[in-house]
>>> print(open('final-v7.cif').read())   # mmCIF, C-alpha atoms
data_my_file
loop_
_atom_site.label_atom_id
_atom_site.label_comp_id
_atom_site.auth_asym_id
_atom_site.auth_seq_id
_atom_site.Cartn_x
_atom_site.Cartn_y
_atom_site.Cartn_z
CA GLY Q 1 108.00 96.27 84.14
CA ALA Q 2 107.23 99.55 85.84
CA VAL Q 3 110.23 101.57 86.93
CA VAL Q 4 110.60 103.67 90.03
CA SER Q 5 113.65 105.88 90.25
CA GLN Q 6 115.14 107.26 93.44
CA HIS Q 7 117.74 110.00 93.79
CA PRO Q 8 120.27 110.35 95.28
CA SER Q 9 121.41 106.78 95.88
CA ARG Q 10 123.84 107.90 98.55
CA VAL Q 11 124.08 111.10 100.55
CA ILE Q 12 126.30 112.19 103.40
CA CYS Q 13 125.40 115.30 105.35
CA LYS Q 14 126.31 117.12 108.51
CA SER Q 15 124.14 116.99 111.59
CA GLY Q 16 121.54 119.76 111.58
CA THR Q 17 121.19 120.03 107.82
CA SER Q 18 118.20 118.93 105.73
CA VAL Q 19 118.29 116.35 102.96
CA LYS Q 20 115.77 115.82 100.17
CA ILE Q 21 115.23 112.44 98.49
CA GLU Q 22 113.25 112.19 95.26
CA CYS Q 23 111.12 109.31 94.07
CA ARG Q 24 109.85 109.25 90.50
CA SER Q 25 107.62 106.86 88.62
CA LEU Q 26 109.18 106.78 85.15
CA ASP Q 27 106.57 105.10 82.99
CA PHE Q 28 103.33 105.33 84.90
CA GLN Q 29 101.36 107.76 87.02
CA ALA Q 30 101.27 107.05 90.73
CA THR Q 31 98.58 108.68 92.81
CA THR Q 32 100.02 106.95 95.85
CA MET Q 33 103.62 106.32 96.80
CA PHE Q 34 105.01 104.76 99.94
CA TRP Q 35 108.12 105.58 101.90
CA TYR Q 36 109.93 102.88 103.85
CA ARG Q 37 112.92 102.94 106.14
CA GLN Q 38 115.26 100.01 106.57
CA PHE Q 39 117.77 99.61 109.36
CA PRO Q 40 120.80 97.36 108.87
CA LYS Q 41 119.85 93.70 108.75
CA GLN Q 42 116.24 94.54 109.48
CA SER Q 43 112.98 94.63 107.65
CA LEU Q 44 111.32 97.56 105.94
CA MET Q 45 109.28 99.86 108.15
CA LEU Q 46 106.48 101.77 106.47
CA MET Q 47 106.93 105.44 107.33
CA ALA Q 48 104.16 107.13 105.40
CA THR Q 49 101.81 107.00 102.47
CA SER Q 50 102.25 109.86 100.04
CA ASN Q 51 99.08 110.99 98.28
CA GLU Q 52 99.19 113.19 95.19
CA GLY Q 53 97.67 116.58 95.87
CA SER Q 54 97.00 116.01 99.54
CA LYS Q 55 98.76 115.50 102.83
CA ALA Q 56 100.73 112.38 103.51
CA THR Q 57 99.47 109.79 105.96
CA TYR Q 58 102.10 108.96 108.54
CA GLU Q 59 102.45 105.73 110.47
CA GLN Q 60 102.33 105.77 114.24
CA GLY Q 61 105.57 106.91 115.76
CA VAL Q 62 106.88 108.70 112.65
CA GLU Q 63 107.51 112.41 113.21
CA LYS Q 64 105.68 114.46 110.60
CA ASP Q 65 107.84 117.51 111.15
CA LYS Q 66 111.03 115.49 110.88
CA PHE Q 67 110.13 113.65 107.71
CA LEU Q 68 108.38 116.01 105.31
CA ILE Q 69 106.67 114.37 102.36
CA ASN Q 70 105.45 116.19 99.30
CA HIS Q 71 103.64 114.57 96.38
CA ALA Q 72 103.21 117.48 94.02
CA SER Q 73 102.66 115.55 90.80
CA LEU Q 74 101.56 112.12 89.62
CA THR Q 75 105.16 111.09 89.01
CA LEU Q 76 107.12 112.65 91.85
CA SER Q 77 107.17 112.33 95.62
CA THR Q 78 109.88 113.81 97.84
CA LEU Q 79 111.01 112.98 101.34
CA THR Q 80 112.88 115.69 103.23
CA VAL Q 81 114.69 114.74 106.39
CA THR Q 82 114.82 117.99 108.33
CA SER Q 83 117.53 118.87 110.83
CA ALA Q 84 119.09 115.47 110.36
CA HIS Q 85 120.86 113.72 113.21
CA PRO Q 86 123.07 110.61 113.22
CA GLU Q 87 120.13 108.46 114.35
CA ASP Q 88 118.38 109.36 111.08
CA SER Q 89 121.08 107.51 109.18
CA SER Q 90 119.35 104.71 107.36
CA PHE Q 91 118.34 103.25 104.02
CA TYR Q 92 115.21 104.95 102.70
CA ILE Q 93 113.19 103.23 99.99
CA CYS Q 94 110.20 104.51 98.06
CA SER Q 95 107.64 102.49 96.20
CA ALA Q 96 104.60 102.94 94.01
CA ARG Q 97 101.75 100.78 92.87
CA VAL Q 98 100.80 100.74 89.22
CA PRO Q 99 97.05 101.37 88.95
CA GLY Q 100 95.24 98.08 88.45
CA VAL Q 101 98.29 96.01 89.36
CA GLY Q 102 98.71 94.43 92.76
CA GLU Q 103 102.42 94.59 93.46
CA LEU Q 104 104.52 97.53 94.52
CA PHE Q 105 107.51 98.59 92.49
CA PHE Q 106 110.46 99.87 94.46
CA GLY Q 107 113.14 102.43 93.92
CA GLU Q 108 116.77 101.48 94.37
CA GLY Q 109 116.90 103.13 97.76
CA SER Q 110 118.83 106.04 99.22
CA ARG Q 111 121.53 105.51 101.81
CA LEU Q 112 121.62 108.50 104.18
CA THR Q 113 124.59 108.98 106.48
CA VAL Q 114 124.47 111.85 108.95
CA LEU Q 115 127.81 112.78 110.47
CA ALA U 116 96.07 93.88 112.42
CA GLN U 117 98.05 92.33 109.62
CA SER U 118 101.40 90.70 110.17
CA VAL U 119 103.93 88.49 108.48
CA ALA U 120 106.31 86.02 110.07
CA GLN U 121 109.47 84.65 108.52
CA PRO U 122 110.70 82.22 111.16
CA GLU U 123 114.18 81.68 109.72
CA ASP U 124 116.78 84.45 109.80
CA GLN U 125 118.96 82.45 107.44
CA VAL U 126 118.61 79.45 105.16
CA ASN U 127 121.65 77.59 103.91
CA VAL U 128 121.44 75.30 100.90
CA ALA U 129 123.89 73.68 98.53
CA GLU U 130 123.81 74.66 94.88
CA GLY U 131 121.54 72.36 92.89
CA ASN U 132 119.43 71.40 95.90
CA PRO U 133 115.84 72.51 96.37
CA LEU U 134 115.23 75.49 98.63
CA THR U 135 112.31 76.64 100.76
CA VAL U 136 111.94 79.98 102.53
CA LYS U 137 109.04 79.99 104.96
CA CYS U 138 106.37 82.64 105.46
CA THR U 139 103.17 82.74 107.48
CA TYR U 140 100.72 85.60 107.65
CA SER U 141 97.80 87.05 109.56
CA VAL U 142 95.34 89.40 107.88
CA SER U 143 91.69 90.38 107.95
CA GLY U 144 89.85 89.38 104.83
CA ASN U 145 91.45 87.95 101.74
CA PRO U 146 95.23 88.25 101.68
CA TYR U 147 97.35 89.60 98.89
CA LEU U 148 100.75 87.94 99.29
CA PHE U 149 104.08 88.86 97.77
CA TRP U 150 107.71 87.81 97.70
CA TYR U 151 110.52 90.28 97.07
CA VAL U 152 114.29 89.85 96.85
CA GLN U 153 116.91 92.39 97.92
CA TYR U 154 120.57 92.41 96.95
CA PRO U 155 123.07 94.39 99.10
CA ASN U 156 122.47 98.15 99.07
CA ARG U 157 119.73 97.82 96.49
CA GLY U 158 116.00 98.28 96.42
CA LEU U 159 113.57 95.41 96.35
CA GLN U 160 112.77 93.36 93.29
CA PHE U 161 109.38 91.75 92.85
CA LEU U 162 109.44 87.94 92.51
CA LEU U 163 105.82 86.81 92.58
CA LYS U 164 102.39 87.41 94.04
CA TYR U 165 99.19 85.64 95.01
CA ILE U 166 95.97 87.57 94.58
CA THR U 167 93.46 84.90 93.68
CA GLY U 168 93.22 81.75 91.61
CA ASP U 169 95.65 78.84 91.62
CA ASN U 170 97.37 78.23 94.92
CA LEU U 171 100.70 77.55 93.21
CA VAL U 172 102.17 80.74 91.84
CA LYS U 173 105.16 80.84 89.52
CA GLY U 174 107.41 83.88 89.42
CA SER U 175 110.72 85.26 88.26
CA TYR U 176 114.03 83.36 88.14
CA GLY U 177 112.38 79.95 88.56
CA PHE U 178 110.86 80.71 91.95
CA GLU U 179 107.40 79.60 92.96
CA ALA U 180 105.24 79.83 96.05
CA GLU U 181 102.26 77.92 97.36
CA PHE U 182 99.36 79.64 99.06
CA ASN U 183 97.94 77.49 101.85
CA LYS U 184 94.86 79.07 103.38
CA SER U 185 94.39 76.54 106.17
CA GLN U 186 97.97 76.95 107.36
CA THR U 187 98.06 80.70 106.50
CA SER U 188 101.37 80.13 104.77
CA PHE U 189 103.01 81.27 101.55
CA HIS U 190 106.37 79.50 101.39
CA LEU U 191 108.82 80.37 98.62
CA LYS U 192 110.40 77.48 96.76
CA LYS U 193 112.82 76.70 93.98
CA PRO U 194 113.61 73.19 92.69
CA SER U 195 117.34 73.82 92.14
CA ALA U 196 119.21 76.63 93.89
CA LEU U 197 121.89 78.76 92.24
CA VAL U 198 124.73 80.60 93.95
CA SER U 199 123.34 83.77 92.37
CA ASP U 200 120.10 83.25 94.32
CA SER U 201 121.95 84.26 97.50
CA ALA U 202 120.19 87.38 98.76
CA LEU U 203 117.71 88.67 101.32
CA TYR U 204 114.12 87.56 100.74
CA PHE U 205 111.07 89.33 102.08
CA CYS U 206 107.53 88.06 102.31
CA ALA U 207 104.81 90.72 102.41
CA VAL U 208 101.06 90.85 102.88
CA SER U 209 98.45 93.40 101.99
CA GLY U 210 94.91 93.16 103.30
CA ALA U 211 91.96 95.41 103.78
CA THR U 212 94.14 98.39 104.70
CA ASN U 213 95.93 98.29 101.32
CA LYS U 214 99.25 98.77 103.11
CA LEU U 215 102.05 96.35 102.36
CA ILE U 216 103.56 94.90 105.52
CA PHE U 217 106.87 93.08 105.33
CA GLY U 218 108.30 90.19 107.25
CA THR U 219 111.71 90.45 108.88
CA GLY U 220 113.47 88.89 105.94
CA THR U 221 115.38 85.64 105.43
CA LEU U 222 118.93 85.58 104.23
CA LEU U 223 119.42 82.82 101.68
CA ALA U 224 122.96 81.54 101.34
CA VAL U 225 123.63 79.09 98.52
CA GLN U 226 126.95 77.32 98.76
CA PRO U 227 128.81 76.21 95.61
#
>>> encode(input="final-v7.cif", output="structure tokens")
Amino acid sequence: GAVVSQHPSRVICKSGTSVKIECRSLDFQATTMFWYRQFPKQSLMLMATSNEGSKATYEQGVEKDKFLINHASLTLSTLTVTSAHPEDSSFYICSARVPGVGELFFGEGSRLTVL
Amino acid sequence: AQSVAQPEDQVNVAEGNPLTVKCTYSVSGNPYLFWYVQYPNRGLQFLLKYITGDNLVKGSYGFEAEFNKSQTSFHLKKPSALVSDSALYFCAVSGATNKLIFGTGTLLAVQP
């Protein structure tokens, strides 16, 4: 099946620094990728839809300036958490839909811990 | 607005017994329904989907789900549970908006 790769799987950073998470589609081209956030023992919350070559579409309540999304190519989307704070600590998961196929394929997730 | 409800936070079942994880949905238009499984500190793995066609859908690892339009349900089932099936299961729906919305998840615990 289609593979979506996420990197890094775990990252620890100091408060005030920025962290970049990469999401790659390894064997297909993804014009659209999705970024989710998952709190402990909770469901996935859709943060934004990443569109190749254009601006991301953010869900209500998600800070655009805090969570910068760039989708520069058909196989790569990045999420940058800017000026991270402890409350940004979470599990971030990206996903992509193979063209013509209904289901989303997910990356392995990135665990962010902000000290 | 589209939504998904998983009424059970946890389901406990003995190994070898049948299991059911419940899911109901609300969506405008025809629903696209999915089940995913998540193991600790991992991403989600696709199990099965209903787009159109037969109401009974068969998926990975022996799981199946039945689409019931009148009850707006899409319960996940397996005839004989394995200890290795213990994980967090998410039901999801996609409608006219093309966004995938997830339920709150159900923790399945299979006892040996």
>>> closest_residue(input="final-v7.cif", among="U:Asn127, U:Asn132, U:Gln153, U:Ser185", to="chain Q", atoms="only C-alpha atoms")
U:Gln153
>>> resolve_selection(input="final-v7.cif", expression="the PyMOL selection byres ((chain U and resi 163-172) around 12)", output="VMD selection string")
(chain Q and resid 101 to 105) or (chain U and resid 145 to 152 160 to 162 173 to 185 187 to 193 204 to 210)
>>> interface_residues(input="final-v7.cif", of="chain Q", to="chain U", cutoff="9 Å", atoms="all atoms listed in the file", output="list of chain:residue names")
Q:Phe34, Q:Lys41, Q:Gln42, Q:Ser43, Q:Leu44, Q:Met45, Q:Leu46, Q:Thr49, Q:Phe91, Q:Ile93, Q:Cys94, Q:Gly102, Q:Glu103, Q:Leu104, Q:Phe105, Q:Phe106, Q:Gly107, Q:Glu108, Q:Gly109, Q:Ser110, Q:Arg111
>>> atom_distance(input="final-v7.cif", atom1="atom CA of U:Glu123", atom2="atom CA of Q:Arg37")
21.6 Å
>>> atom_distance(input="final-v7.cif", atom1="atom CA of Q:Ser9", atom2="atom CA of Q:Phe39")
15.7 Å
>>> atom_distance(input="final-v7.cif", atom1="atom CA of Q:Ser89", atom2="atom CA of Q:Leu115")
8.6 Å
>>> resolve_selection(input="final-v7.cif", expression="the PyMOL selection byres ((chain Q and resi 8) around 8)", output="list of chain:residue names")
Q:Gln6, Q:His7, Q:Ser9, Q:Arg10, Q:Val11, Q:Ile21, Q:Glu22, Q:Ser110
>>> closest_residue(input="final-v7.cif", among="Q:Ala30, Q:Cys13, Q:Val3, Q:Val19", to="Q:Ser73", atoms="only C-alpha atoms")
Q:Ala30
